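upload_13.pdb (PDB, C-alpha atoms)
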```
ATOM      1  CA  MET R1496       0.000   0.000   0.000  1.00  0.00           C
ATOM      2  CA  SER R1497       1.234   3.446  -0.936  1.00  0.00           C
ATOM      3  CA  ALA R1498      -0.133   6.925  -0.321  1.00  0.00           C
ATOM      4  CA  PHE R1499      -1.328   9.009  -3.280  1.00  0.00           C
ATOM      5  CA  ARG R1500      -2.338  12.651  -2.953  1.00  0.00           C
ATOM      6  CA  PHE R1501      -4.977  14.159  -5.212  1.00  0.00           C
ATOM      7  CA  ALA R1502      -6.817  17.427  -5.711  1.00  0.00           C
ATOM      8  CA  VAL R1503     -10.442  17.511  -6.848  1.00  0.00           C
ATOM      9  CA  ASP R1504     -11.554  20.802  -8.401  1.00  0.00           C
ATOM     10  CA  VAL R1505     -15.328  21.214  -8.276  1.00  0.00           C
ATOM     11  CA  MET R1506     -16.865  24.039 -10.320  1.00  0.00           C
ATOM     12  CA  PRO R1507     -20.432  25.019 -11.212  1.00  0.00           C
ATOM     13  CA  LYS R1508     -21.300  23.685 -14.661  1.00  0.00           C
ATOM     14  CA  ASP R1509     -21.540  26.104 -17.570  1.00  0.00           C
ATOM     15  CA  GLY R1510     -24.999  27.618 -17.618  1.00  0.00           C
ATOM     16  CA  ILE R1511     -25.587  27.012 -13.911  1.00  0.00           C
ATOM     17  CA  LEU R1512     -26.111  30.187 -11.908  1.00  0.00           C
ATOM     18  CA  ASP R1513     -23.120  30.954  -9.700  1.00  0.00           C
ATOM     19  CA  PRO R1514     -24.178  33.399  -6.957  1.00  0.00           C
ATOM     20  CA  GLN R1515     -20.688  33.533  -5.426  1.00  0.00           C
ATOM     21  CA  GLY R1516     -19.177  34.459  -8.775  1.00  0.00           C
ATOM     22  CA  ARG R1517     -21.773  37.185  -9.243  1.00  0.00           C
ATOM     23  CA  ALA R1518     -21.012  38.491  -5.738  1.00  0.00           C
ATOM     24  CA  VAL R1519     -17.288  38.706  -6.518  1.00  0.00           C
ATOM     25  CA  GLU R1520     -18.010  40.572  -9.743  1.00  0.00           C
ATOM     26  CA  GLY R1521     -20.191  42.993  -7.792  1.00  0.00           C
ATOM     27  CA  SER R1522     -17.399  43.572  -5.281  1.00  0.00           C
ATOM     28  CA  LEU R1523     -14.897  44.202  -8.056  1.00  0.00           C
ATOM     29  CA  ALA R1524     -17.119  46.884  -9.540  1.00  0.00           C
ATOM     30  CA  HIS R1525     -17.419  48.566  -6.153  1.00  0.00           C
ATOM     31  CA  LEU R1526     -13.629  48.399  -5.688  1.00  0.00           C
ATOM     32  CA  GLY R1527     -13.078  50.048  -9.043  1.00  0.00           C
ATOM     33  CA  VAL R1528     -11.410  46.987 -10.578  1.00  0.00           C
ATOM     34  CA  ARG R1529     -12.173  46.829 -14.288  1.00  0.00           C
ATOM     35  CA  GLY R1530     -11.569  44.215 -16.946  1.00  0.00           C
ATOM     36  CA  VAL R1531     -12.340  41.170 -14.805  1.00  0.00           C
ATOM     37  CA  THR R1532     -15.201  39.026 -16.066  1.00  0.00           C
ATOM     38  CA  ALA R1533     -16.654  35.512 -16.017  1.00  0.00           C
ATOM     39  CA  VAL R1534     -15.827  34.880 -12.365  1.00  0.00           C
ATOM     40  CA  ARG R1535     -16.751  31.367 -11.208  1.00  0.00           C
ATOM     41  CA  VAL R1536     -16.287  30.162  -7.648  1.00  0.00           C
ATOM     42  CA  GLY R1537     -15.939  26.505  -6.796  1.00  0.00           C
ATOM     43  CA  ARG R1538     -14.254  24.197  -4.294  1.00  0.00           C
ATOM     44  CA  ARG R1539     -10.932  22.408  -4.167  1.00  0.00           C
ATOM     45  CA  VAL R1540     -10.599  19.279  -2.056  1.00  0.00           C
ATOM     46  CA  GLU R1541      -7.173  17.763  -1.430  1.00  0.00           C
ATOM     47  CA  LEU R1542      -6.875  14.286   0.034  1.00  0.00           C
ATOM     48  CA  THR R1543      -4.482  11.380   0.512  1.00  0.00           C
ATOM     49  CA  VAL R1544      -5.602   7.892  -0.494  1.00  0.00           C
ATOM     50  CA  GLU R1545      -3.920   4.663   0.613  1.00  0.00           C
ATOM     51  CA  ALA R1546      -4.078   2.113  -2.207  1.00  0.00           C
ATOM     52  CA  ASP R1547      -2.073  -0.536  -4.021  1.00  0.00           C
ATOM     53  CA  ASP R1548      -1.410   1.683  -7.022  1.00  0.00           C
ATOM     54  CA  ASP R1549      -2.359   4.955  -8.684  1.00  0.00           C
ATOM     55  CA  ALA R1550      -5.240   3.386 -10.644  1.00  0.00           C
ATOM     56  CA  ALA R1551      -6.842   1.931  -7.529  1.00  0.00           C
ATOM     57  CA  ALA R1552      -6.459   5.259  -5.731  1.00  0.00           C
ATOM     58  CA  ARG R1553      -8.131   7.084  -8.628  1.00  0.00           C
ATOM     59  CA  VAL R1554     -11.135   4.770  -8.428  1.00  0.00           C
ATOM     60  CA  VAL R1555     -11.626   5.820  -4.820  1.00  0.00           C
ATOM     61  CA  VAL R1556     -11.204   9.517  -5.617  1.00  0.00           C
ATOM     62  CA  ASP R1557     -13.595   9.399  -8.580  1.00  0.00           C
ATOM     63  CA  ARG R1558     -16.250   7.731  -6.468  1.00  0.00           C
ATOM     64  CA  LEU R1559     -15.898  10.261  -3.662  1.00  0.00           C
ATOM     65  CA  ALA R1560     -15.882  13.180  -6.116  1.00  0.00           C
ATOM     66  CA  GLY R1561     -19.163  12.103  -7.705  1.00  0.00           C
ATOM     67  CA  THR R1562     -20.953  11.376  -4.458  1.00  0.00           C
ATOM     68  CA  LEU R1563     -19.497  13.400  -1.589  1.00  0.00           C
ATOM     69  CA  PHE R1564     -17.508  16.322  -3.015  1.00  0.00           C
ATOM     70  CA  ALA R1565     -19.686  17.381  -5.957  1.00  0.00           C
ATOM     71  CA  ASN R1566     -23.345  17.450  -6.938  1.00  0.00           C
ATOM     72  CA  PRO R1567     -23.253  15.957 -10.464  1.00  0.00           C
ATOM     73  CA  LEU R1568     -26.483  17.716 -11.424  1.00  0.00           C
ATOM     74  CA  ILE R1569     -24.977  21.172 -11.196  1.00  0.00           C
ATOM     75  CA  GLU R1570     -21.218  20.723 -10.731  1.00  0.00           C
ATOM     76  CA  ALA R1571     -18.353  19.365 -12.819  1.00  0.00           C
ATOM     77  CA  TRP R1572     -15.054  18.142 -11.367  1.00  0.00           C
ATOM     78  CA  GLN R1573     -11.528  17.332 -12.385  1.00  0.00           C
ATOM     79  CA  VAL R1574      -9.071  15.111 -10.536  1.00  0.00           C
ATOM     80  CA  GLU R1575      -5.332  15.785 -10.578  1.00  0.00           C
ATOM     81  CA  ARG R1576      -2.352  14.195  -8.815  1.00  0.00           C
ATOM     82  CA  VAL R1577      -0.511  16.609  -6.538  1.00  0.00           C
ATOM     83  CA  GLY R1578       2.507  16.514  -4.251  1.00  0.00           C
TER      84      GLY R1578
ATOM     85  CA  MET V  45      -5.962  44.152 -24.931  1.00  0.00           C
ATOM     86  CA  SER V  46      -6.351  40.394 -24.763  1.00  0.00           C
ATOM     87  CA  ALA V  47      -8.310  38.131 -22.434  1.00  0.00           C
ATOM     88  CA  PHE V  48      -6.437  35.799 -20.104  1.00  0.00           C
ATOM     89  CA  ARG V  49      -8.162  33.165 -17.994  1.00  0.00           C
ATOM     90  CA  PHE V  50      -6.762  32.102 -14.625  1.00  0.00           C
ATOM     91  CA  ALA V  51      -7.624  29.828 -11.740  1.00  0.00           C
ATOM     92  CA  VAL V  52      -6.734  30.752  -8.165  1.00  0.00           C
ATOM     93  CA  ASP V  53      -6.601  27.821  -5.731  1.00  0.00           C
ATOM     94  CA  VAL V  54      -7.016  28.964  -2.147  1.00  0.00           C
ATOM     95  CA  MET V  55      -6.265  26.417   0.599  1.00  0.00           C
ATOM     96  CA  PRO V  56      -5.956  26.645   4.388  1.00  0.00           C
ATOM     97  CA  LYS V  57      -2.287  26.947   5.352  1.00  0.00           C
ATOM     98  CA  ASP V  58      -0.552  23.970   6.916  1.00  0.00           C
ATOM     99  CA  GLY V  59      -1.223  23.958  10.633  1.00  0.00           C
ATOM    100  CA  ILE V  60      -4.425  25.968  10.312  1.00  0.00           C
ATOM    101  CA  LEU V  61      -7.506  24.125  11.512  1.00  0.00           C
ATOM    102  CA  ASP V  62      -9.739  23.061   8.617  1.00  0.00           C
ATOM    103  CA  PRO V  63     -13.235  22.304   9.936  1.00  0.00           C
ATOM    104  CA  GLN V  64     -14.575  21.379   6.485  1.00  0.00           C
ATOM    105  CA  GLY V  65     -11.769  18.865   5.994  1.00  0.00           C
ATOM    106  CA  ARG V  66     -12.482  17.358   9.400  1.00  0.00           C
ATOM    107  CA  ALA V  67     -16.174  17.141   8.525  1.00  0.00           C
ATOM    108  CA  VAL V  68     -15.412  15.264   5.298  1.00  0.00           C
ATOM    109  CA  GLU V  69     -13.167  12.842   7.164  1.00  0.00           C
ATOM    110  CA  GLY V  70     -15.966  12.242   9.642  1.00  0.00           C
ATOM    111  CA  SER V  71     -18.432  11.537   6.826  1.00  0.00           C
ATOM    112  CA  LEU V  72     -16.004   9.092   5.212  1.00  0.00           C
ATOM    113  CA  ALA V  73     -15.720   7.144   8.447  1.00  0.00           C
ATOM    114  CA  HIS V  74     -19.519   6.937   8.692  1.00  0.00           C
ATOM    115  CA  LEU V  75     -19.732   5.804   5.048  1.00  0.00           C
ATOM    116  CA  GLY V  76     -17.251   3.037   5.680  1.00  0.00           C
ATOM    117  CA  VAL V  77     -14.590   4.520   3.399  1.00  0.00           C
ATOM    118  CA  ARG V  78     -11.115   3.684   4.709  1.00  0.00           C
ATOM    119  CA  GLY V  79      -7.643   4.805   3.742  1.00  0.00           C
ATOM    120  CA  VAL V  80      -8.507   8.445   3.043  1.00  0.00           C
ATOM    121  CA  THR V  81      -6.618  10.942   5.200  1.00  0.00           C
ATOM    122  CA  ALA V  82      -5.392  14.530   5.323  1.00  0.00           C
ATOM    123  CA  VAL V  83      -8.492  16.006   3.693  1.00  0.00           C
ATOM    124  CA  ARG V  84      -8.253  19.772   3.165  1.00  0.00           C
ATOM    125  CA  VAL V  85     -11.061  21.838   1.675  1.00  0.00           C
ATOM    126  CA  GLY V  86     -10.436  25.151  -0.047  1.00  0.00           C
ATOM    127  CA  ARG V  87     -11.799  27.342  -2.820  1.00  0.00           C
ATOM    128  CA  ARG V  88     -11.098  27.647  -6.510  1.00  0.00           C
ATOM    129  CA  VAL V  89     -11.849  30.926  -8.275  1.00  0.00           C
ATOM    130  CA  GLU V  90     -11.699  31.123 -12.066  1.00  0.00           C
ATOM    131  CA  LEU V  91     -11.719  34.496 -13.777  1.00  0.00           C
ATOM    132  CA  THR V  92     -10.961  36.246 -17.065  1.00  0.00           C
ATOM    133  CA  VAL V  93      -8.747  39.333 -17.039  1.00  0.00           C
ATOM    134  CA  GLU V  94      -8.459  41.832 -19.883  1.00  0.00           C
ATOM    135  CA  ALA V  95      -4.882  43.120 -20.086  1.00  0.00           C
ATOM    136  CA  ASP V  96      -2.120  44.041 -22.508  1.00  0.00           C
ATOM    137  CA  ASP V  97      -0.163  40.857 -21.820  1.00  0.00           C
ATOM    138  CA  ASP V  98       0.087  37.834 -19.546  1.00  0.00           C
ATOM    139  CA  ALA V  99       2.377  39.618 -17.069  1.00  0.00           C
ATOM    140  CA  ALA V 100      -0.009  42.542 -16.639  1.00  0.00           C
ATOM    141  CA  ALA V 101      -2.922  40.147 -16.191  1.00  0.00           C
ATOM    142  CA  ARG V 102      -1.029  38.226 -13.505  1.00  0.00           C
ATOM    143  CA  VAL V 103      -0.428  41.418 -11.539  1.00  0.00           C
ATOM    144  CA  VAL V 104      -4.189  41.948 -11.391  1.00  0.00           C
ATOM    145  CA  VAL V 105      -4.858  38.329 -10.382  1.00  0.00           C
ATOM    146  CA  ASP V 106      -2.163  38.336  -7.677  1.00  0.00           C
ATOM    147  CA  ARG V 107      -3.586  41.510  -6.158  1.00  0.00           C
ATOM    148  CA  LEU V 108      -7.133  40.148  -6.156  1.00  0.00           C
ATOM    149  CA  ALA V 109      -5.974  36.813  -4.734  1.00  0.00           C
ATOM    150  CA  GLY V 110      -4.224  38.442  -1.780  1.00  0.00           C
ATOM    151  CA  THR V 111      -7.010  40.857  -0.961  1.00  0.00           C
ATOM    152  CA  LEU V 112     -10.375  39.530  -2.124  1.00  0.00           C
ATOM    153  CA  PHE V 113     -10.097  35.774  -2.722  1.00  0.00           C
ATOM    154  CA  ALA V 114      -7.865  34.684   0.174  1.00  0.00           C
ATOM    155  CA  ASN V 115      -7.121  35.698   3.743  1.00  0.00           C
ATOM    156  CA  PRO V 116      -3.295  35.755   3.775  1.00  0.00           C
ATOM    157  CA  LEU V 117      -3.192  35.142   7.524  1.00  0.00           C
ATOM    158  CA  ILE V 118      -4.679  31.678   7.277  1.00  0.00           C
ATOM    159  CA  GLU V 119      -4.793  30.783   3.579  1.00  0.00           C
ATOM    160  CA  ALA V 120      -2.242  30.157   0.827  1.00  0.00           C
ATOM    161  CA  TRP V 121      -2.990  30.445  -2.882  1.00  0.00           C
ATOM    162  CA  GLN V 122      -1.600  29.444  -6.233  1.00  0.00           C
ATOM    163  CA  VAL V 123      -2.360  31.052  -9.579  1.00  0.00           C
ATOM    164  CA  GLU V 124      -2.457  29.033 -12.800  1.00  0.00           C
ATOM    165  CA  ARG V 125      -3.331  29.856 -16.400  1.00  0.00           C
ATOM    166  CA  VAL V 126      -6.292  27.852 -17.694  1.00  0.00           C
ATOM    167  CA  GLY V 127      -8.265  27.615 -20.889  1.00  0.00           C
TER     168      GLY V 127
END
```

With the file now loaded, output its structure as structure tokens.
Amino acid sequence: MSAFRFAVDVMPKDGILDPQGRAVEGSLAHLGVRGVTAVRVGRRVELTVEADDDAAARVVVDRLAGTLFANPLIEAWQVERVG
Amino acid sequence: MSAFRFAVDVMPKDGILDPQGRAVEGSLAHLGVRGVTAVRVGRRVELTVEADDDAAARVVVDRLAGTLFANPLIEAWQVERVG
């Protein structure tokens, strides 16, 4: 068994309303910052998985991403190895 | 002026308590998932910046990251080009 560290980036899907992104854009306007658009706010989850190999670890991460970390109806996610 | 898209990953600094990460670890234990440790939960902000070049765009992103997106006392961030 080895330890594999991953990051899961969870973002609102295209076309899904993103209230946090809209709030940031509103703040930017109030702060006088111009030229910043299309702000989207999501989550990043980093975790270490004990498994026999990278492939087995990815199976665990993919399952967790689609059930615990993200809501597949409205969010998309990407998994990357880190560390 | 060109448009440059960036992602800013904001994570709790090492040693800073991460209640969301602890909560996920607690859920995993209840779900019977073993071998997952060191869960950290942060934010990911994606944004488009209009600027003359990549360097000028990065200056804007770095300033926003350290003032609006992250709390430098307790959070660390990384900027990456996307898209």

Pick from V:Leu61, V:Ala51, V:His74, V:Val85: nearest to chain R, with only C-alpha atoms counted?
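Of all the options, V:Val85 lies closest to chain R.
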
Atom CA of R:Ala1560 and atom CA of V:Gly76, how far apart in Å?
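Computing the Euclidean distance for atom CA of V:Gly76 and atom CA of R:Ala1560 yields 15.6 Å.
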
Report, in Å with one decimal, the straight-line distance from atom CA of V:Arg125 to atom CA of R:Val1534.
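These two atoms are separated by 14.1 Å.
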
Can you translate the PyMOL selection byres ((chain R) within 12 of (chain V)) into the concrete residues it hits in this file, as a PyMOL selection string?
chain R and resi 1496-1507+1513+1515-1523+1526-1547+1551-1553+1555-1556+1558-1560+1562-1564+1572-1573

Go ahead and write the selection's residues with C-alpha atoms as a PDB file, keeping the file's coordinate frame.
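The result, written out as part-v3.pdb:
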```pdb
ATOM      1  CA  MET R1496       0.000   0.000   0.000  1.00  0.00           C
ATOM      2  CA  SER R1497       1.234   3.446  -0.936  1.00  0.00           C
ATOM      3  CA  ALA R1498      -0.133   6.925  -0.321  1.00  0.00           C
ATOM      4  CA  PHE R1499      -1.328   9.009  -3.280  1.00  0.00           C
ATOM      5  CA  ARG R1500      -2.338  12.651  -2.953  1.00  0.00           C
ATOM      6  CA  PHE R1501      -4.977  14.159  -5.212  1.00  0.00           C
ATOM      7  CA  ALA R1502      -6.817  17.427  -5.711  1.00  0.00           C
ATOM      8  CA  VAL R1503     -10.442  17.511  -6.848  1.00  0.00           C
ATOM      9  CA  ASP R1504     -11.554  20.802  -8.401  1.00  0.00           C
ATOM     10  CA  VAL R1505     -15.328  21.214  -8.276  1.00  0.00           C
ATOM     11  CA  MET R1506     -16.865  24.039 -10.320  1.00  0.00           C
ATOM     12  CA  PRO R1507     -20.432  25.019 -11.212  1.00  0.00           C
ATOM     13  CA  ASP R1513     -23.120  30.954  -9.700  1.00  0.00           C
ATOM     14  CA  GLN R1515     -20.688  33.533  -5.426  1.00  0.00           C
ATOM     15  CA  GLY R1516     -19.177  34.459  -8.775  1.00  0.00           C
ATOM     16  CA  ARG R1517     -21.773  37.185  -9.243  1.00  0.00           C
ATOM     17  CA  ALA R1518     -21.012  38.491  -5.738  1.00  0.00           C
ATOM     18  CA  VAL R1519     -17.288  38.706  -6.518  1.00  0.00           C
ATOM     19  CA  GLU R1520     -18.010  40.572  -9.743  1.00  0.00           C
ATOM     20  CA  GLY R1521     -20.191  42.993  -7.792  1.00  0.00           C
ATOM     21  CA  SER R1522     -17.399  43.572  -5.281  1.00  0.00           C
ATOM     22  CA  LEU R1523     -14.897  44.202  -8.056  1.00  0.00           C
ATOM     23  CA  LEU R1526     -13.629  48.399  -5.688  1.00  0.00           C
ATOM     24  CA  GLY R1527     -13.078  50.048  -9.043  1.00  0.00           C
ATOM     25  CA  VAL R1528     -11.410  46.987 -10.578  1.00  0.00           C
ATOM     26  CA  ARG R1529     -12.173  46.829 -14.288  1.00  0.00           C
ATOM     27  CA  GLY R1530     -11.569  44.215 -16.946  1.00  0.00           C
ATOM     28  CA  VAL R1531     -12.340  41.170 -14.805  1.00  0.00           C
ATOM     29  CA  THR R1532     -15.201  39.026 -16.066  1.00  0.00           C
ATOM     30  CA  ALA R1533     -16.654  35.512 -16.017  1.00  0.00           C
ATOM     31  CA  VAL R1534     -15.827  34.880 -12.365  1.00  0.00           C
ATOM     32  CA  ARG R1535     -16.751  31.367 -11.208  1.00  0.00           C
ATOM     33  CA  VAL R1536     -16.287  30.162  -7.648  1.00  0.00           C
ATOM     34  CA  GLY R1537     -15.939  26.505  -6.796  1.00  0.00           C
ATOM     35  CA  ARG R1538     -14.254  24.197  -4.294  1.00  0.00           C
ATOM     36  CA  ARG R1539     -10.932  22.408  -4.167  1.00  0.00           C
ATOM     37  CA  VAL R1540     -10.599  19.279  -2.056  1.00  0.00           C
ATOM     38  CA  GLU R1541      -7.173  17.763  -1.430  1.00  0.00           C
ATOM     39  CA  LEU R1542      -6.875  14.286   0.034  1.00  0.00           C
ATOM     40  CA  THR R1543      -4.482  11.380   0.512  1.00  0.00           C
ATOM     41  CA  VAL R1544      -5.602   7.892  -0.494  1.00  0.00           C
ATOM     42  CA  GLU R1545      -3.920   4.663   0.613  1.00  0.00           C
ATOM     43  CA  ALA R1546      -4.078   2.113  -2.207  1.00  0.00           C
ATOM     44  CA  ASP R1547      -2.073  -0.536  -4.021  1.00  0.00           C
ATOM     45  CA  ALA R1551      -6.842   1.931  -7.529  1.00  0.00           C
ATOM     46  CA  ALA R1552      -6.459   5.259  -5.731  1.00  0.00           C
ATOM     47  CA  ARG R1553      -8.131   7.084  -8.628  1.00  0.00           C
ATOM     48  CA  VAL R1555     -11.626   5.820  -4.820  1.00  0.00           C
ATOM     49  CA  VAL R1556     -11.204   9.517  -5.617  1.00  0.00           C
ATOM     50  CA  ARG R1558     -16.250   7.731  -6.468  1.00  0.00           C
ATOM     51  CA  LEU R1559     -15.898  10.261  -3.662  1.00  0.00           C
ATOM     52  CA  ALA R1560     -15.882  13.180  -6.116  1.00  0.00           C
ATOM     53  CA  THR R1562     -20.953  11.376  -4.458  1.00  0.00           C
ATOM     54  CA  LEU R1563     -19.497  13.400  -1.589  1.00  0.00           C
ATOM     55  CA  PHE R1564     -17.508  16.322  -3.015  1.00  0.00           C
ATOM     56  CA  TRP R1572     -15.054  18.142 -11.367  1.00  0.00           C
ATOM     57  CA  GLN R1573     -11.528  17.332 -12.385  1.00  0.00           C
TER      58      GLN R1573
END
```

Just the number, please: distance in Å from atom CA of R:Asp1549 to atom CA of R:Gly1578, one decimal.
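Separating atom CA of R:Asp1549 from atom CA of R:Gly1578 is a distance of 13.3 Å.
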
Resolved residues for the PyMOL selection byres ((chain R and resi 1568) around 12) as a ChimeraX atom specification
/R:1506-1511,1561-1562,1565-1567,1569-1572
